[in-house]
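K.L.:
Supplied structure: start-v4.cif, mmCIF, C-alpha atoms.
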data_run
loop_
_atom_site.label_atom_id
_atom_site.label_comp_id
_atom_site.auth_asym_id
_atom_site.auth_seq_id
_atom_site.Cartn_x
_atom_site.Cartn_y
_atom_site.Cartn_z
CA MET A 12 -31.77 28.87 22.47
CA THR A 13 -32.02 25.07 22.37
CA GLU A 14 -29.93 22.11 21.27
CA ASP A 15 -32.16 21.83 18.20
CA ASP A 16 -31.25 25.41 17.27
CA VAL A 17 -27.55 24.55 17.48
CA THR A 18 -28.06 21.38 15.43
CA ALA A 19 -29.91 23.38 12.78
CA VAL A 20 -26.90 25.68 12.43
CA LEU A 21 -24.50 22.72 12.26
CA LYS A 22 -26.54 21.41 9.33
CA THR A 23 -25.52 24.54 7.41
CA VAL A 24 -21.77 24.16 8.06
CA THR A 25 -20.05 22.16 5.31
CA ASP A 26 -16.91 20.17 5.95
CA PRO A 27 -14.65 21.32 3.07
CA ASN A 28 -12.97 17.91 2.93
CA THR A 29 -16.14 15.86 2.45
CA GLY A 30 -18.57 18.39 1.00
CA ARG A 31 -21.18 17.40 3.61
CA ASP A 32 -22.45 19.15 6.72
CA PHE A 33 -21.31 17.91 10.11
CA VAL A 34 -24.74 16.53 11.04
CA THR A 35 -25.06 14.44 7.87
CA GLU A 36 -21.47 13.37 8.44
CA LYS A 37 -22.58 12.09 11.86
CA ALA A 38 -19.73 14.01 13.46
CA VAL A 39 -21.82 15.66 16.19
CA ARG A 40 -21.23 13.72 19.41
CA LYS A 41 -22.61 16.13 21.99
CA VAL A 42 -24.34 19.52 22.17
CA VAL A 43 -24.74 21.36 25.47
CA VAL A 44 -26.60 24.67 25.83
CA SER A 45 -26.20 26.49 29.13
CA GLY A 46 -27.99 29.82 29.08
CA SER A 47 -26.41 31.67 26.17
CA ASP A 48 -23.29 29.50 26.13
CA ILE A 49 -22.79 26.61 23.70
CA ALA A 50 -20.44 23.61 23.89
CA VAL A 51 -20.16 21.21 20.97
CA ASP A 52 -18.12 18.00 20.69
CA LEU A 53 -17.34 16.84 17.15
CA ALA A 54 -15.62 13.61 16.06
CA ILE A 55 -14.82 13.26 12.36
CA GLY A 56 -14.30 9.81 10.87
CA TYR A 57 -11.00 10.46 9.08
CA PRO A 58 -7.54 11.60 10.24
CA ALA A 59 -6.91 15.30 9.58
CA LYS A 60 -4.76 16.57 12.44
CA SER A 61 -3.34 19.37 10.30
CA GLN A 62 -6.83 20.71 9.66
CA HIS A 63 -8.44 20.31 13.07
CA GLU A 64 -7.93 23.93 14.04
CA SER A 65 -9.37 25.35 10.79
CA LEU A 66 -12.38 23.01 11.02
CA ARG A 67 -12.93 23.96 14.66
CA LYS A 68 -12.82 27.68 13.83
CA LEU A 69 -15.23 27.14 10.94
CA VAL A 70 -17.84 25.62 13.25
CA GLN A 71 -17.15 28.10 16.03
CA GLY A 72 -17.65 31.01 13.66
CA ALA A 73 -21.02 29.72 12.46
CA LEU A 74 -22.27 29.19 16.01
CA ALA A 75 -20.96 32.56 17.23
CA ALA A 76 -23.10 34.27 14.57
CA MET A 77 -26.31 33.01 16.21
CA PRO A 78 -28.39 35.81 17.81
CA GLY A 79 -27.87 36.19 21.54
CA VAL A 80 -25.10 33.63 21.76
CA GLY A 81 -22.49 33.96 24.50
CA LYS A 82 -19.39 31.81 24.85
CA VAL A 83 -18.89 29.14 22.16
CA SER A 84 -16.71 26.10 22.83
CA VAL A 85 -15.97 23.57 20.07
CA SER A 86 -13.83 20.47 20.52
CA LEU A 87 -12.87 18.32 17.56
CA THR A 88 -11.33 14.86 17.56
CA THR A 89 -10.96 11.93 15.17
CA ARG A 90 -12.85 8.68 15.62
CA ILE A 91 -11.88 5.94 13.16
CA VAL A 92 -13.94 2.74 13.16
CA SER A 93 -13.84 -0.58 11.32
CA HIS A 94 -15.69 -0.78 8.03
CA ALA A 95 -17.22 -3.66 6.13
CA VAL A 96 -15.06 -5.95 3.97
CA GLN A 97 -15.77 -8.80 1.54
CA ARG A 98 -18.47 -11.22 2.64
CA GLY A 99 -17.19 -14.25 4.48
CA VAL A 100 -13.76 -12.76 5.28
CA LYS A 101 -13.02 -12.08 8.93
CA LEU A 102 -11.30 -8.94 10.17
CA VAL A 103 -7.73 -9.19 11.44
CA PRO A 104 -7.31 -8.67 15.22
CA GLY A 105 -5.82 -5.27 15.98
CA VAL A 106 -6.61 -3.88 12.51
CA LYS A 107 -9.64 -1.69 11.78
CA ASN A 108 -9.27 -1.09 8.04
CA ILE A 109 -7.08 -2.57 5.31
CA VAL A 110 -6.27 -0.55 2.19
CA ALA A 111 -4.65 -2.49 -0.65
CA VAL A 112 -2.34 -0.55 -2.94
CA ALA A 113 -2.15 -2.43 -6.22
CA SER A 114 -1.13 -2.12 -9.86
CA GLY A 115 -1.68 -4.20 -12.94
CA LYS A 116 2.03 -4.20 -13.74
CA GLY A 117 5.35 -3.48 -12.05
CA GLY A 118 7.43 -0.34 -12.36
CA VAL A 119 4.65 2.21 -11.90
CA GLY A 120 5.66 3.37 -8.41
CA LYS A 121 3.18 1.29 -6.41
CA SER A 122 5.51 0.62 -3.45
CA THR A 123 6.61 4.26 -3.26
CA THR A 124 2.96 5.31 -3.24
CA ALA A 125 2.13 2.77 -0.51
CA ALA A 126 4.98 3.98 1.73
CA ASN A 127 4.12 7.67 1.34
CA LEU A 128 0.39 6.99 1.74
CA ALA A 129 1.04 5.21 5.05
CA LEU A 130 3.32 7.98 6.30
CA ALA A 131 0.82 10.67 5.28
CA LEU A 132 -1.99 8.92 7.19
CA ALA A 133 0.27 8.68 10.24
CA ALA A 134 1.21 12.36 9.95
CA GLU A 135 -2.50 13.22 10.11
CA GLY A 136 -2.90 11.36 13.38
CA ALA A 137 -3.89 7.81 12.42
CA THR A 138 -2.28 4.65 13.78
CA VAL A 139 -0.87 3.02 10.66
CA GLY A 140 0.73 -0.25 9.63
CA VAL A 141 2.36 -1.40 6.37
CA LEU A 142 2.25 -5.00 5.18
CA ASP A 143 4.69 -5.74 2.37
CA ALA A 144 2.75 -8.35 0.41
CA ASP A 145 5.23 -8.45 -2.47
CA ILE A 146 6.90 -11.68 -1.39
CA TYR A 147 9.06 -11.98 -4.52
CA GLY A 148 10.32 -8.40 -4.40
CA PRO A 149 9.90 -6.86 -0.92
CA SER A 150 10.87 -3.18 -0.99
CA GLN A 151 9.28 -1.66 2.10
CA PRO A 152 12.27 -2.45 4.39
CA THR A 153 14.47 -0.31 2.11
CA MET A 154 11.92 2.46 1.60
CA LEU A 155 11.12 2.74 5.31
CA GLY A 156 14.77 2.40 6.30
CA ILE A 157 14.11 -0.61 8.56
CA SER A 158 16.57 -3.42 9.24
CA GLY A 159 16.61 -6.30 11.72
CA ARG A 160 14.36 -9.26 12.40
CA PRO A 161 10.96 -9.26 14.09
CA GLU A 162 10.84 -10.57 17.66
CA SER A 163 8.29 -12.92 19.18
CA THR A 164 7.34 -12.48 22.83
CA ASP A 165 5.05 -15.50 23.00
CA GLY A 166 6.57 -17.86 20.43
CA LYS A 167 3.41 -17.63 18.33
CA THR A 168 3.13 -14.09 17.01
CA LEU A 169 5.58 -11.58 15.55
CA GLU A 170 6.10 -8.04 16.77
CA PRO A 171 6.01 -5.52 13.89
CA LEU A 172 9.06 -3.36 13.37
CA GLU A 173 8.56 0.39 13.31
CA ALA A 174 9.76 3.48 11.45
CA TYR A 175 8.49 7.08 11.55
CA GLY A 176 5.62 5.96 13.78
CA VAL A 177 4.43 3.32 11.29
CA GLN A 178 4.29 -0.41 12.12
CA ALA A 179 5.68 -2.65 9.38
CA MET A 180 5.97 -6.32 8.47
CA SER A 181 7.70 -7.83 5.44
CA ILE A 182 9.26 -11.10 4.35
CA GLY A 183 12.27 -8.90 3.65
CA PHE A 184 12.92 -8.70 7.40
CA MET A 185 13.47 -12.48 7.52
CA ILE A 186 15.65 -13.20 4.50
CA ASP A 187 18.95 -12.00 3.09
CA PRO A 188 18.41 -9.18 0.58
CA ASP A 189 20.21 -11.20 -2.12
CA THR A 190 18.19 -14.38 -1.56
CA PRO A 191 15.57 -14.99 -4.28
CA MET A 192 12.16 -16.32 -3.20
CA VAL A 193 11.88 -19.39 -5.42
CA TRP A 194 8.37 -20.29 -4.25
CA ARG A 195 5.25 -21.42 -6.04
CA GLY A 196 1.92 -19.63 -5.68
CA PRO A 197 0.43 -21.64 -2.76
CA MET A 198 3.57 -21.09 -0.64
CA VAL A 199 3.50 -17.37 -1.32
CA THR A 200 -0.18 -17.13 -0.38
CA GLN A 201 0.41 -19.03 2.85
CA ALA A 202 3.40 -16.86 3.72
CA LEU A 203 1.38 -13.70 3.22
CA GLU A 204 -1.51 -14.96 5.34
CA GLN A 205 0.94 -15.74 8.13
CA LEU A 206 2.58 -12.32 7.90
CA LEU A 207 -0.83 -10.69 8.12
CA LYS A 208 -2.49 -12.80 10.79
CA ASP A 209 0.51 -13.81 12.92
CA THR A 210 1.74 -10.23 13.36
CA ARG A 211 0.62 -8.60 16.60
CA TRP A 212 -0.65 -5.36 15.11
CA ARG A 213 -1.21 -2.71 17.76
CA GLU A 214 -4.65 -1.11 17.25
CA VAL A 215 -4.02 -0.08 13.66
CA ASP A 216 -6.56 2.32 12.11
CA PHE A 217 -5.26 1.71 8.58
CA LEU A 218 -3.12 -1.18 7.39
CA VAL A 219 -1.67 -0.30 3.99
CA VAL A 220 -0.92 -3.46 2.00
CA ASP A 221 1.71 -3.13 -0.71
CA MET A 222 0.33 -5.75 -3.11
CA PRO A 223 2.47 -7.64 -5.65
CA PRO A 224 2.03 -6.39 -9.22
CA GLY A 225 -0.20 -8.22 -11.66
CA THR A 226 -3.57 -9.97 -11.64
CA GLY A 227 -2.62 -13.64 -11.51
CA ASP A 228 -3.60 -16.44 -9.17
CA ILE A 229 -1.62 -15.02 -6.24
CA GLN A 230 -3.26 -11.60 -6.44
CA LEU A 231 -6.73 -13.10 -6.84
CA THR A 232 -6.25 -15.39 -3.85
CA LEU A 233 -5.00 -12.51 -1.71
CA ALA A 234 -7.98 -10.38 -2.70
CA GLN A 235 -10.30 -13.19 -1.64
CA LYS A 236 -8.64 -14.04 1.70
CA VAL A 237 -7.42 -10.69 3.00
CA PRO A 238 -10.23 -8.54 4.54
CA VAL A 239 -9.82 -5.44 2.37
CA THR A 240 -11.85 -2.29 3.06
CA GLY A 241 -10.85 -0.72 -0.25
CA ALA A 242 -8.22 -0.75 -2.99
CA VAL A 243 -6.09 2.01 -4.49
CA ILE A 244 -4.95 1.42 -8.07
CA VAL A 245 -1.59 2.93 -9.09
CA THR A 246 -0.76 3.52 -12.74
CA THR A 247 1.16 5.77 -15.11
CA PRO A 248 -0.41 7.70 -18.02
CA GLN A 249 0.97 5.46 -20.76
CA ASP A 250 -1.44 3.13 -22.56
CA ILE A 251 0.41 -0.10 -21.70
CA ALA A 252 0.17 0.65 -17.98
CA LEU A 253 -3.47 1.66 -18.21
CA ILE A 254 -4.41 -1.60 -19.93
CA ASP A 255 -3.05 -3.55 -16.96
CA ALA A 256 -4.51 -1.06 -14.45
CA ARG A 257 -7.97 -1.77 -15.87
CA LYS A 258 -7.41 -5.47 -15.28
CA GLY A 259 -6.40 -4.84 -11.69
CA LEU A 260 -9.44 -2.67 -11.14
CA ARG A 261 -11.79 -5.30 -12.57
CA MET A 262 -10.18 -8.02 -10.45
CA PHE A 263 -11.05 -6.19 -7.23
CA GLU A 264 -14.56 -5.51 -8.46
CA LYS A 265 -15.13 -9.21 -9.16
CA VAL A 266 -14.18 -10.23 -5.60
CA GLY A 267 -16.28 -7.50 -3.98
CA VAL A 268 -13.51 -5.10 -2.96
CA PRO A 269 -14.51 -1.42 -3.44
CA ILE A 270 -12.14 0.77 -5.46
CA VAL A 271 -11.14 3.79 -3.40
CA GLY A 272 -9.60 5.50 -6.41
CA VAL A 273 -6.71 5.76 -8.85
CA VAL A 274 -3.31 7.43 -8.40
CA GLU A 275 -1.33 8.48 -11.46
CA ASN A 276 2.44 8.44 -11.08
CA MET A 277 4.88 10.16 -13.47
CA SER A 278 2.01 12.30 -14.74
CA ILE A 279 4.24 15.24 -15.69
CA HIS A 280 7.92 16.16 -15.69
CA VAL A 281 9.11 19.66 -14.88
CA CYS A 282 12.68 20.45 -15.94
CA THR A 283 14.74 21.55 -12.93
CA ASN A 284 16.82 23.88 -15.15
CA CYS A 285 14.30 25.73 -17.30
CA GLY A 286 10.95 24.84 -15.70
CA HIS A 287 9.50 23.39 -18.92
CA ALA A 288 6.65 20.96 -18.17
CA GLU A 289 6.15 17.92 -20.38
CA HIS A 290 3.85 14.89 -20.27
CA ILE A 291 6.51 12.32 -21.11
CA PHE A 292 4.30 9.25 -20.69
CA GLY A 293 1.05 10.74 -22.00
CA GLU A 294 -1.67 12.92 -20.54
CA GLY A 295 -5.05 12.30 -18.92
CA GLY A 296 -4.87 8.51 -18.98
CA ALA A 297 -5.82 7.94 -15.34
CA GLN A 298 -8.64 10.49 -15.48
CA LYS A 299 -10.08 8.68 -18.52
CA LEU A 300 -9.82 5.36 -16.65
CA CYS A 301 -11.71 6.85 -13.70
CA GLU A 302 -14.41 8.24 -15.97
CA ASP A 303 -14.87 4.89 -17.73
CA TYR A 304 -15.27 2.96 -14.45
CA HIS A 305 -16.89 5.70 -12.35
CA VAL A 306 -14.19 5.67 -9.66
CA PRO A 307 -12.48 8.68 -7.99
CA TYR A 308 -9.28 10.17 -9.35
CA LEU A 309 -7.14 10.63 -6.24
CA GLY A 310 -4.32 12.69 -7.71
CA GLY A 311 -1.28 12.79 -9.97
CA LEU A 312 2.39 12.84 -8.97
CA PRO A 313 5.22 14.28 -11.05
CA LEU A 314 8.18 12.40 -12.48
CA ASP A 315 10.64 13.80 -9.95
CA ILE A 316 14.09 12.40 -9.19
CA ARG A 317 13.73 13.42 -5.54
CA ILE A 318 10.84 10.99 -5.00
CA ARG A 319 13.08 8.14 -6.14
CA GLU A 320 16.14 9.34 -4.22
CA GLN A 321 14.20 9.81 -0.98
CA ALA A 322 12.54 6.39 -1.19
CA ASP A 323 15.87 4.68 -1.96
CA SER A 324 17.48 6.40 1.03
CA GLY A 325 14.85 5.08 3.46
CA ARG A 326 13.23 8.48 4.00
CA PRO A 327 10.21 8.80 1.69
CA THR A 328 9.09 12.25 0.60
CA VAL A 329 6.43 12.74 3.29
CA VAL A 330 9.10 12.56 6.03
CA ALA A 331 12.14 13.74 4.06
CA ASP A 332 10.54 16.93 2.76
CA PRO A 333 7.18 17.34 4.52
CA ASP A 334 6.61 20.92 3.35
CA SER A 335 7.22 20.19 -0.32
CA LYS A 336 4.55 20.29 -3.02
CA VAL A 337 4.93 16.55 -3.62
CA ALA A 338 4.43 15.75 0.08
CA GLN A 339 1.27 17.87 0.00
CA ILE A 340 -0.03 15.81 -2.92
CA TYR A 341 0.57 12.61 -0.96
CA ARG A 342 -1.26 14.07 2.05
CA ASP A 343 -4.20 15.12 -0.13
CA ILE A 344 -4.38 11.59 -1.58
CA ALA A 345 -4.21 10.07 1.90
CA ARG A 346 -7.05 12.31 3.11
CA LYS A 347 -9.22 11.31 0.14
CA VAL A 348 -8.52 7.64 0.84
CA ALA A 349 -9.41 8.00 4.52
CA ILE A 350 -12.61 9.91 3.73
CA SER A 351 -13.64 7.26 1.20
CA VAL A 352 -13.11 4.56 3.82
CA ALA A 353 -15.05 6.57 6.43
CA GLU A 354 -18.04 6.82 4.10
CA LYS A 355 -18.33 3.04 3.74
CA ALA A 356 -20.66 0.95 5.88
CA ALA A 357 -19.36 0.28 9.38
CA ASP A 358 -18.56 -3.28 10.40
CA PHE A 359 -20.85 -4.52 13.19
CA SER A 360 -19.69 -8.13 13.31
CA ALA A 361 -18.05 -7.60 16.68
CA LYS A 362 -21.35 -6.32 18.10
CA PHE A 363 -23.22 -9.56 17.60
CA PRO A 364 -22.82 -12.44 20.04
CA SER A 365 -21.63 -15.76 18.73
CA ILE A 366 -24.39 -18.36 18.59
CA LYS A 367 -23.68 -21.97 19.43
CA ILE A 368 -26.16 -24.82 18.97
CA GLN A 369 -25.64 -27.96 21.00
CA ASN A 370 -27.63 -30.98 22.03
CA THR A 371 -28.81 -31.04 25.63
#
Rewrite the structure of this file - the entire thing - as structure tokens.
P.N.:
Amino acid sequence: MTEDDVTAVLKTVTDPNTGRDFVTEKAVRKVVVSGSDIAVDLAIGYPAKSQHESLRKLVQGALAAMPGVGKVSVSLTTRIVSHAVQRGVKLVPGVKNIVAVASGKGGVGKSTTAANLALALAAEGATVGVLDADIYGPSQPTMLGISGRPESTDGKTLEPLEAYGVQAMSIGFMIDPDTPMVWRGPMVTQALEQLLKDTRWREVDFLVVDMPPGTGDIQLTLAQKVPVTGAVIVTTPQDIALIDARKGLRMFEKVGVPIVGVVENMSIHVCTNCGHAEHIFGEGGAQKLCEDYHVPYLGGLPLDIRIREQADSGRPTVVADPDSKVAQIYRDIARKVAISVAEKAADFSAKFPSIKIQNT
């Protein structure tokens, strides 16, 4: 038995989350064959702490079925790396990947989705941050149940606040909740850039950016200046929301930001008394959008009063009711987002030395 024999078997074992074998997935870090014993180290590129044991047993079972095999040892970890962003935009120190959560219009549940997406990624083992980019209407402090002002240890950078293991930064931490932000576009853009780049993020695997709604000058400028790995579009099934969602999707395409997929909120309502299910805002709208633009459909969430109540209370669904069906949908969406990011080209800019030309 050789290492090549083991690798050949690993090529036949499909990761159920990605649909690819572990060799193609480049998850095989080390193979050691000692007599009849086998030891394999795997490192997948997306957070899936809840599924590590089932994945490990899947690989172990395939290897144990080899003729003449003795003891089989399989270790599985997660290794998240930085991935490429728009050309000419530098990565943010301390942040590996930025995922923008956007919508063409307000009121579709974008901020609730962003909060639960971040918490689901953290629950699966990733180091996660949330940047509240909605300067005019910051809602992440309320949804994450965070109060207080950020501290600065060096007088230059801000320390992110934290809730449920997620780092967070928002203009809402620095102003009174009743104070309106009467700022023009350039001031808003500058404020967001400062919040992003002057925050001392602590080795964040995924920074989830809760984008302001719309597709105006502010959103376009942010998409051009913030190093985004991919964008998630949030919509509802109704036609008026889908029209604006298409605009948001096209905006990211024009500035070279890949679309990770589309999330449909309020896709169905199930009566808590009789169990009757009804598509109040229409049916199949997000799926049709995904088909038209050849982007993934990440999942649909019900119109459920508990989602709203939990977000308003500062304990979003993923932490308030982690075993619920809705929390499972959020975790499935988060896994799809992470896998999509992992499949993108890695960023190698940090590997190259800087070149300086000077007269001598």
K.L.:
Show which residues sit within 10 Å of segment 50-64 of chain A, as an MDAnalysis selection string. Count only C-alpha atoms, and ignore same-chain residues fewer than 4 positions away.
P.N.:
chainID A and resid 14 17:18 21 26 28:29 33:34 36:45 68:71 74 82:92 131:138 216 342 345:354
K.L.:
So, counting only C-alpha atoms, which residue among A:Leu128, A:Leu102, A:Ile244, A:Ala73 is closest to Val329 of chain A?
P.N.:
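Closest residue, counting only C-alpha atoms: A:Leu128.
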K.L.:
Go ahead and compute the interatomic distance for atom CA of Asp255 of chain A and atom CA of Gln298 of chain A, in Å to one decimal.
P.N.:
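Atom-to-atom, atom CA of Asp255 of chain A to atom CA of Gln298 of chain A, that is 15.2 Å.
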K.L.:
For the provided coordinates, the residues matched by the PyMOL selection byres ((chain A and resi 220) around 8) should be stated as a list in words.
P.N.:
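Checked against the file, the PyMOL selection byres ((chain A and resi 220) around 8) matches Ile109, Val110, Ala111, Val112, Ala125, Val141, Leu142, Asp143, Ala144, Leu218, Val219, Asp221 and Met222 of chain A.
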K.L.:
Record the distance separating atom CA of Gly140 of chain A and atom CA of Val215 of chain A, expressed in Å with one decimal.
P.N.:
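Between these atoms lies a distance of 6.2 Å.
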K.L.:
Looking at all atoms listed in the file, which of A:Leu130, A:Val103, A:Ala179, A:Ile229 is the one that sits closest to Ala338 of chain A?
P.N.:
A:Leu130
K.L.:
Report the distance between atom CA of Asp303 of chain A and atom CA of Lys121 of chain A in Å, rounded to one decimal place.
P.N.:
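Going from atom CA of Asp303 of chain A over to atom CA of Lys121 of chain A, I get 21.6 Å.
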K.L.:
Considering all atoms listed in the file, can you say which of A:Gln178, A:Ile186, A:Met192, A:Thr232 comes closest to Glu204 of chain A?
P.N.:
A:Thr232
K.L.:
So that I can see what lies close to Ser278 of chain A, please list as JSON, numbers by chain the residues with an atom at most 12 Å from it, counting only C-alpha atoms and leaving out residues fewer than 2 positions away in the same chain.
P.N.:
{"A": [119, 120, 245, 246, 247, 248, 249, 274, 275, 276, 280, 281, 288, 289, 290, 291, 292, 293, 294, 295, 296, 297, 298, 310, 311, 312, 313, 314, 315]}
K.L.:
Identify all residues satisfying the PyMOL selection byres ((chain A and resi 169) around 12) in the given file; provide them as a list in words.
P.N.:
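This file, filtered by the PyMOL selection byres ((chain A and resi 169) around 12), leaves Arg160, Pro161, Glu162, Ser163, Thr164, Asp165, Gly166, Lys167, Thr168, Glu170, Pro171, Leu172, Gln178, Ala179, Met180, Ser181, Ile182, Phe184, Met185, Gln205, Leu206, Leu207, Lys208, Asp209, Thr210, Arg211, Trp212 and Arg213 of chain A.
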K.L.:
From the list A:Ala331, A:Asn108, A:Trp194, A:Ile49, which residue is nearest Arg319 of chain A when using all atoms listed in the file?
P.N.:
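Between A:Ala331, A:Asn108, A:Trp194, A:Ile49, the residue approaching Arg319 of chain A most closely is A:Ala331.
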K.L.:
Report as a PyMOL selection string the residues that result from applying the PyMOL selection byres ((chain A and resi 258) around 12) to the structure here.
P.N.:
chain A and resi 113-116+224-227+230-231+244-246+251-257+259-265+300+304
K.L.:
Pick out the closest residue to Val177 of chain A from this set: A:Val330, A:Pro104, A:Gly159, A:Asp228. Count only C-alpha atoms.
P.N.:
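Of the candidates, the smallest distance to Val177 of chain A is held by A:Val330.
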